[in-house]
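First the structure, in the form of structure tokens, and then the observations on it.
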Amino acid sequence: MIKASAPGKLILCGEHAVVYHRPAIALPIADVRAYVHATAGPGGSGLRFDAPDLGRSWTLDEAPDDPISQVATATLGHIGIATLDLTIAIRSDIPIASGMGSGAAIATAIVRTLAEVAGRELPAATVSALVYQSEKRYHGTPSGIDNTVVAYEQPIWFQRRGTSEQPEPPLIEPIRIATPFTLLIGDTGVRSATRMPVGEVRRRWQADPAGYDAHFDQIGGLVVAARTALELGDYAALGLLLNQNHTVLRAIGVSSPELDQLVQAALDAGALGAKLSGAGWGGVMIALVENAGSTCVREALIRAGAVRVLASHVEQTGDQAADRL
Ligand code: PMV
């Protein structure tokens, strides 16, 4: 049996504006993951996928256009193998359609598994590029931040370069985290497909380019300041920046009553800052907490309607080095 996994992710700040070439910061969530187990199937069976969490089971031949089938086909093509007889079991602890990168994590784990079955080790950049193709099917116009942070599995600074007509490789840099910190992740329980709010923001930007570019510029400025705060370990400043980012995300129309309620509850309970994370209209919000206050904020989130609260401890680990990027 061959096993692989990939982490969930959070966007700390900069979502939506990142689609429009402003920078954003994303973090992997190492202990909330998608897992793939591959076992040999009968000769001639081809690829079979079993995803009980998604309530689905299918073969590559039955559903060649499925995004998971497509990432598998693209990976086999990349490693130069026509077909494999394998049963691929998919399990994920990452809530789907919630802004935590479930689709990118499953796709990444599949790429890693197929590469390992073929005895190949693919660099993170290749894994990320293969997953980006499947993200396009889920999301329409993804910035590429999800597949990047999941494949590299370290805190990143991400900025698209070039134009839509002439895209250039994005700028991807490791972020230095001076002091470990804790984020609580409050799940509204409202599932929201990324492409819906992303499509609505595009329509609004097309209707009011100057207004929306000003919002995106403001978010870009907050992201620059957030990087400095992370590098200095200044979490009071980071908290205020997250609050300001949430205010702009509300202004561009991607928050929801449930997200606003959780953000307010976290702040009232003493969080240093809070904002929605990901595409919005549902999914999760994040709250920056001091360890001492984290129980209080967690309880407040549950009282305010969070269906679950996860904790992510963010720190610089030994392998978060620039040379991995
Ligand atoms: O997949 P989500 O919900 O985390 O959203 C991704 C972040 C967006 O900036 C809204 C879209 C993108 O492609 O960057």
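Residues in the structure tokens are numbered from 1 in each chain, the chains being A, B, ... in the order shown, and ligands are numbered from 1 in the order shown.
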Contacts between ligand 1 and chain A, please, where a residue of chain A counts if it comes within 6 Å (with only C-alpha atoms and all ligand atoms); show its shortest atom pair and distance in Å to one decimal, rows by chain and ascending number, as a Markdown table.
```
| residue | atom | partner | partner_atom_place_in_ligand_line | distance |
| --- | --- | --- | --- | --- |
| A:Glu15 | CA | ligand 1 | 9 (O) | 3.6 |
| A:His16 | CA | ligand 1 | 9 (O) | 3.7 |
| A:Val18 | CA | ligand 1 | 9 (O) | 5.5 |
| A:Val19 | CA | ligand 1 | 14 (O) | 5.1 |
| A:Gly99 | CA | ligand 1 | 3 (O) | 3.4 |
| A:Met100 | CA | ligand 1 | 4 (O) | 5.5 |
| A:Gly101 | CA | ligand 1 | 1 (O) | 5.4 |
| A:Pro142 | CA | ligand 1 | 13 (O) | 3.3 |
| A:Ser143 | CA | ligand 1 | 13 (O) | 3.9 |
| A:Gly144 | CA | ligand 1 | 13 (O) | 5.9 |
| A:Ile145 | CA | ligand 1 | 14 (O) | 5.6 |
| A:Thr194 | CA | ligand 1 | 3 (O) | 4.7 |
| A:Val198 | CA | ligand 1 | 10 (C) | 5.8 |
| A:Gly278 | CA | ligand 1 | 4 (O) | 3.5 |
| A:Ala279 | CA | ligand 1 | 10 (C) | 3.7 |
```
Q: With a distance cut-off of 8 Å and only C-alpha atoms, select the neighbouring residues of segment 260-272 of chain A, excluding the residue or stretch itself and same-chain residues fewer than 2 positions from it, and output the selection as a ChimeraX atom specification.
A: /A:186,188,235-236,238-240,255-258,274-276,285-290,293-294,296-298,300-301,304-306
- [ ] Using DSSP on the backbone coordinates, identify the residues of segment 55-206 of chain A assigned to alpha helix (DSSP H); present them as a count of residues only.
- [x] 65
Next item on the list: Go through A:Thr87, A:Gly8, A:Thr73, A:Arg161 one by one, measure the shortest atom-to-atom distance of each to Ser45 of chain A using only C-alpha atoms, and give the residue with the smallest value.
Entry: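 Closest to Ser45 of chain A of all the choices is A:Thr87.
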Select from segment 147-238 of chain A every residue with an atom at most 6 Å from any atom of segment 24-43 of chain A, then for each give the shortest pair of atoms and their distance in Å to one decimal, using only C-alpha atoms, rows by chain and rising number, as CSV.
```
residue,atom,partner,partner_atom,distance
A:Glu153,CA,A:Pro28,CA,5.4
A:Gln154,CA,A:Pro28,CA,5.8
A:Pro155,CA,A:Leu27,CA,4.4
A:Ile156,CA,A:Ala26,CA,5.5
A:Trp157,CA,A:Ile25,CA,4.7
A:Phe158,CA,A:Ala24,CA,5.4
```
Residues from last step as file, C-alpha atoms, as a PDB file, in the first residue's frame:
```
ATOM      1  CA  GLU A 153       3.519  23.131   3.060  1.00  0.00           C
ATOM      2  CA  GLN A 154       4.969  26.261   4.593  1.00  0.00           C
ATOM      3  CA  PRO A 155       3.785  29.826   5.281  1.00  0.00           C
ATOM      4  CA  ILE A 156       4.014  31.757   2.028  1.00  0.00           C
ATOM      5  CA  TRP A 157       3.833  35.185   0.529  1.00  0.00           C
ATOM      6  CA  PHE A 158       2.124  34.839  -2.857  1.00  0.00           C
TER       7      PHE A 158
END
```
How close does each residue of segment 120-231 of chain A get to segment 76-85 of chain A, giving the shortest atom pair and distance in Å to one decimal for every residue with an atom at most 12 Å away, counting only C-alpha atoms, sorted by chain and residue number, as a tab-separated table?
```
residue	atom	partner	partner_atom	distance
A:Arg120	CA	A:Ile79	CA	7.7
A:Glu121	CA	A:Ile79	CA	10.0
A:Leu122	CA	A:Ile79	CA	9.1
A:Thr126	CA	A:His78	CA	9.3
A:Val127	CA	A:His78	CA	10.2
A:Ala129	CA	A:His78	CA	10.8
A:Leu130	CA	A:His78	CA	8.6
```
Restricted to N, CA, C and O atoms, what would the selected residues look like written as a compact mmCIF listing (two decimals), in the first residue's frame?
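Printed below is part08.txt as written:
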```
# COMPACT_ATOMS: atom_id res chain seq x y z
N ARG A 120 8.61 7.91 -8.41
CA ARG A 120 9.12 9.24 -8.76
C ARG A 120 8.90 10.20 -7.59
O ARG A 120 7.87 10.14 -6.92
N GLU A 121 9.85 11.10 -7.38
CA GLU A 121 9.63 12.16 -6.39
C GLU A 121 9.48 13.46 -7.15
O GLU A 121 10.41 13.87 -7.85
N LEU A 122 8.33 14.06 -7.08
CA LEU A 122 8.10 15.29 -7.84
C LEU A 122 8.40 16.50 -6.96
O LEU A 122 7.98 16.54 -5.79
N THR A 126 6.21 21.21 -9.25
CA THR A 126 5.51 20.37 -10.22
C THR A 126 4.17 19.92 -9.65
O THR A 126 3.14 19.94 -10.34
N VAL A 127 4.18 19.51 -8.38
CA VAL A 127 2.92 19.09 -7.74
C VAL A 127 1.93 20.25 -7.79
O VAL A 127 0.77 20.10 -8.18
N ALA A 129 1.83 22.80 -9.83
CA ALA A 129 1.35 23.10 -11.20
C ALA A 129 0.30 22.09 -11.64
O ALA A 129 -0.71 22.46 -12.27
N LEU A 130 0.48 20.82 -11.29
CA LEU A 130 -0.52 19.81 -11.66
C LEU A 130 -1.84 20.08 -10.94
O LEU A 130 -2.92 19.98 -11.53
```
If you count only C-alpha atoms, the residue of A:Val307, A:Val201, A:Leu12, A:Ala237 closest to Arg250 of chain A turns out to be A:Val201
Residue contacts of Gly199 of chain A (9 Å, only C-alpha atoms) excluding same-chain residues fewer than 3 positions away, as a ChimeraX atom specification | /A:139-141,194-196,202-204
Can I get the selection written as a tab-separated table (two decimals), in the first residue's frame, with N, CA, C and O atoms?
```
chain	number	residue	atom	x	y	z
A	139	HIS	N	-12.73	26.15	-9.55
A	139	HIS	CA	-12.90	27.56	-9.20
A	139	HIS	C	-13.04	28.51	-10.37
A	139	HIS	O	-13.37	29.66	-10.17
A	140	GLY	N	-12.70	28.09	-11.58
A	140	GLY	CA	-12.78	29.00	-12.71
A	140	GLY	C	-11.52	29.84	-12.87
A	140	GLY	O	-10.75	29.62	-13.78
A	141	THR	N	-11.33	30.81	-11.96
A	141	THR	CA	-10.17	31.72	-12.10
A	141	THR	C	-9.33	31.74	-10.82
A	141	THR	O	-9.20	32.79	-10.18
A	194	THR	N	-16.21	28.12	-3.74
A	194	THR	CA	-15.34	29.28	-3.97
A	194	THR	C	-15.74	30.08	-5.21
A	194	THR	O	-15.71	31.31	-5.21
A	195	ARG	N	-16.13	29.38	-6.29
A	195	ARG	CA	-16.36	30.11	-7.55
A	195	ARG	C	-17.54	31.08	-7.46
A	195	ARG	O	-17.62	32.01	-8.25
A	196	MET	N	-18.46	30.89	-6.49
A	196	MET	CA	-19.62	31.78	-6.42
A	196	MET	C	-19.21	33.19	-5.97
A	196	MET	O	-19.40	34.16	-6.71
A	202	ARG	N	-15.88	39.40	-9.33
A	202	ARG	CA	-15.46	39.78	-10.70
A	202	ARG	C	-16.53	40.65	-11.37
A	202	ARG	O	-16.22	41.67	-11.99
A	203	ARG	N	-17.80	40.27	-11.21
A	203	ARG	CA	-18.87	41.09	-11.81
A	203	ARG	C	-18.85	42.50	-11.22
A	203	ARG	O	-18.98	43.49	-11.93
A	204	ARG	N	-18.68	42.58	-9.90
A	204	ARG	CA	-18.68	43.91	-9.26
A	204	ARG	C	-17.46	44.73	-9.69
A	204	ARG	O	-17.56	45.94	-9.86
```
Which neighbours of His313 of chain A fall inside 8 Å, counting only C-alpha atoms, when residues of the same chain fewer than 3 positions from it are skipped, and could you give them as a CSV table (one decimal) with N, CA and C atoms, in the first residue's frame?
```csv
chain,number,residue,atom,x,y,z
A,180,PRO,N,5.9,31.9,17.6
A,180,PRO,CA,4.7,31.1,17.3
A,180,PRO,C,3.5,31.8,17.7
A,181,PHE,N,2.4,31.5,17.0
A,181,PHE,CA,1.1,32.1,17.4
A,181,PHE,C,0.0,31.1,17.1
A,182,THR,N,-1.2,31.4,17.7
A,182,THR,CA,-2.3,30.5,17.6
A,182,THR,C,-3.5,31.2,16.9
A,183,LEU,N,-4.0,30.5,15.9
A,183,LEU,CA,-5.3,30.9,15.3
A,183,LEU,C,-6.4,29.9,15.7
```
- Query: Which is closest to Val117 of chain A among A:Ile185, A:Lys3, A:Pro170, A:Glu62, if we use only C-alpha atoms?
  - Reply: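 Smallest separation from Val117 of chain A among the options: A:Lys3.
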DSSP on the backbone, then: every residue of segment 107-314 of chain A marked strand (DSSP E or B), written as a compact mmCIF listing (two decimals) with N, CA, C and O atoms, in the first residue's frame.
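Final output, saved to states.txt:
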```txt
# COMPACT_ATOMS: atom_id res chain seq x y z
N ILE A 156 3.50 31.10 3.24
CA ILE A 156 4.01 31.76 2.03
C ILE A 156 3.41 33.14 1.81
O ILE A 156 2.28 33.44 2.19
N TRP A 157 4.23 33.92 1.14
CA TRP A 157 3.83 35.18 0.53
C TRP A 157 3.61 34.87 -0.94
O TRP A 157 4.47 34.26 -1.59
N PHE A 158 2.46 35.24 -1.49
CA PHE A 158 2.12 34.84 -2.86
C PHE A 158 1.60 36.04 -3.62
O PHE A 158 0.76 36.79 -3.14
N GLN A 159 2.13 36.24 -4.84
CA GLN A 159 1.62 37.32 -5.68
C GLN A 159 1.69 36.89 -7.13
O GLN A 159 2.75 36.47 -7.62
N ARG A 160 0.55 37.00 -7.82
CA ARG A 160 0.53 36.69 -9.26
C ARG A 160 1.35 37.74 -10.00
O ARG A 160 1.38 38.90 -9.61
N ARG A 161 1.94 37.30 -11.10
CA ARG A 161 2.69 38.25 -11.95
C ARG A 161 2.24 38.10 -13.40
O ARG A 161 1.63 37.11 -13.77
N GLY A 162 2.60 39.08 -14.21
CA GLY A 162 2.17 39.07 -15.60
C GLY A 162 0.72 39.52 -15.70
O GLY A 162 0.19 40.15 -14.79
N PRO A 167 0.44 35.34 -18.55
CA PRO A 167 0.79 35.08 -17.15
C PRO A 167 2.27 34.72 -17.00
O PRO A 167 2.85 34.09 -17.89
N GLU A 168 2.86 35.18 -15.93
CA GLU A 168 4.23 34.79 -15.58
C GLU A 168 4.16 33.98 -14.29
O GLU A 168 3.16 34.08 -13.58
N PRO A 169 5.20 33.22 -13.97
CA PRO A 169 5.15 32.46 -12.71
C PRO A 169 4.94 33.41 -11.53
O PRO A 169 5.50 34.51 -11.51
N PRO A 170 4.13 33.01 -10.55
CA PRO A 170 3.88 33.90 -9.40
C PRO A 170 5.13 34.07 -8.54
O PRO A 170 6.04 33.23 -8.57
N LEU A 171 5.13 35.16 -7.78
CA LEU A 171 6.17 35.35 -6.76
C LEU A 171 5.75 34.54 -5.54
O LEU A 171 4.65 34.73 -5.01
N ILE A 172 6.62 33.63 -5.12
CA ILE A 172 6.33 32.80 -3.94
C ILE A 172 7.53 32.93 -3.01
O ILE A 172 8.65 32.59 -3.40
N GLU A 173 7.30 33.44 -1.81
CA GLU A 173 8.41 33.59 -0.87
C GLU A 173 8.01 33.00 0.48
O GLU A 173 6.83 33.10 0.87
N PRO A 174 8.98 32.41 1.19
CA PRO A 174 8.65 31.94 2.54
C PRO A 174 8.46 33.14 3.46
O PRO A 174 9.13 34.16 3.28
N PHE A 181 2.39 31.54 17.03
CA PHE A 181 1.11 32.11 17.44
C PHE A 181 -0.02 31.12 17.14
O PHE A 181 0.20 30.12 16.45
N THR A 182 -1.17 31.42 17.71
CA THR A 182 -2.31 30.50 17.58
C THR A 182 -3.47 31.19 16.90
O THR A 182 -3.83 32.32 17.23
N LEU A 183 -4.03 30.47 15.92
CA LEU A 183 -5.27 30.91 15.30
C LEU A 183 -6.37 29.92 15.68
O LEU A 183 -6.15 28.71 15.61
N LEU A 184 -7.52 30.42 16.08
CA LEU A 184 -8.68 29.55 16.19
C LEU A 184 -9.45 29.67 14.89
O LEU A 184 -9.55 30.76 14.31
N ILE A 185 -9.96 28.55 14.42
CA ILE A 185 -10.70 28.51 13.16
C ILE A 185 -12.15 28.18 13.49
O ILE A 185 -12.44 27.10 13.99
N GLY A 186 -13.03 29.14 13.27
CA GLY A 186 -14.45 28.94 13.58
C GLY A 186 -15.20 28.64 12.29
O GLY A 186 -15.16 29.42 11.35
N ASP A 187 -15.87 27.49 12.25
CA ASP A 187 -16.57 27.06 11.04
C ASP A 187 -18.05 27.44 11.16
O ASP A 187 -18.73 27.00 12.09
N GLY A 273 -7.55 39.78 17.02
CA GLY A 273 -8.06 40.18 15.71
C GLY A 273 -8.84 39.02 15.14
O GLY A 273 -8.67 37.86 15.58
N ALA A 274 -9.72 39.30 14.16
CA ALA A 274 -10.51 38.22 13.56
C ALA A 274 -10.98 38.66 12.18
O ALA A 274 -11.19 39.84 11.93
N LYS A 275 -11.13 37.68 11.30
CA LYS A 275 -11.61 37.96 9.94
C LYS A 275 -12.13 36.67 9.31
O LYS A 275 -11.80 35.57 9.78
N LEU A 276 -12.90 36.82 8.25
CA LEU A 276 -13.24 35.63 7.47
C LEU A 276 -11.97 35.17 6.76
O LEU A 276 -11.03 35.94 6.56
N SER A 277 -11.93 33.89 6.39
CA SER A 277 -10.76 33.38 5.68
C SER A 277 -11.22 32.54 4.50
O SER A 277 -12.09 31.68 4.64
N VAL A 284 -15.14 29.38 6.84
CA VAL A 284 -14.54 29.62 8.16
C VAL A 284 -14.09 31.07 8.34
O VAL A 284 -13.89 31.81 7.38
N MET A 285 -13.93 31.41 9.63
CA MET A 285 -13.27 32.65 10.02
C MET A 285 -12.10 32.27 10.92
O MET A 285 -12.04 31.14 11.43
N ILE A 286 -11.16 33.20 11.08
CA ILE A 286 -10.02 32.93 11.96
C ILE A 286 -9.95 34.01 13.03
O ILE A 286 -10.32 35.16 12.79
N ALA A 287 -9.48 33.60 14.20
CA ALA A 287 -9.30 34.55 15.30
C ALA A 287 -7.88 34.37 15.84
O ALA A 287 -7.45 33.24 16.12
N LEU A 288 -7.16 35.47 15.94
CA LEU A 288 -5.81 35.45 16.50
C LEU A 288 -5.94 35.56 18.02
O LEU A 288 -6.55 36.52 18.51
N VAL A 289 -5.42 34.56 18.73
CA VAL A 289 -5.64 34.54 20.18
C VAL A 289 -4.32 34.41 20.93
O VAL A 289 -3.37 33.81 20.44
N ARG A 308 -17.91 24.00 14.56
CA ARG A 308 -16.69 23.41 15.11
C ARG A 308 -15.65 24.52 15.22
O ARG A 308 -15.70 25.51 14.48
N VAL A 309 -14.73 24.32 16.16
CA VAL A 309 -13.62 25.26 16.32
C VAL A 309 -12.33 24.45 16.33
O VAL A 309 -12.17 23.53 17.14
N LEU A 310 -11.44 24.74 15.40
CA LEU A 310 -10.15 24.07 15.34
C LEU A 310 -9.08 25.07 15.77
O LEU A 310 -9.29 26.29 15.66
N ALA A 311 -7.96 24.56 16.24
CA ALA A 311 -6.85 25.45 16.59
C ALA A 311 -5.67 25.15 15.68
O ALA A 311 -5.40 23.99 15.37
N SER A 312 -5.01 26.19 15.20
CA SER A 312 -3.81 25.99 14.39
C SER A 312 -2.66 26.76 15.03
O SER A 312 -2.75 27.98 15.22
N HIS A 313 -1.61 26.03 15.40
CA HIS A 313 -0.43 26.68 15.99
C HIS A 313 0.55 26.93 14.86
O HIS A 313 1.00 25.99 14.20
N VAL A 314 0.84 28.18 14.63
CA VAL A 314 1.66 28.55 13.48
C VAL A 314 3.06 28.88 13.97
O VAL A 314 3.24 29.71 14.86
```
From atom CA of Asn147 of chain A to atom CA of Ala104 of chain A the spacing works out at 5.5 Å
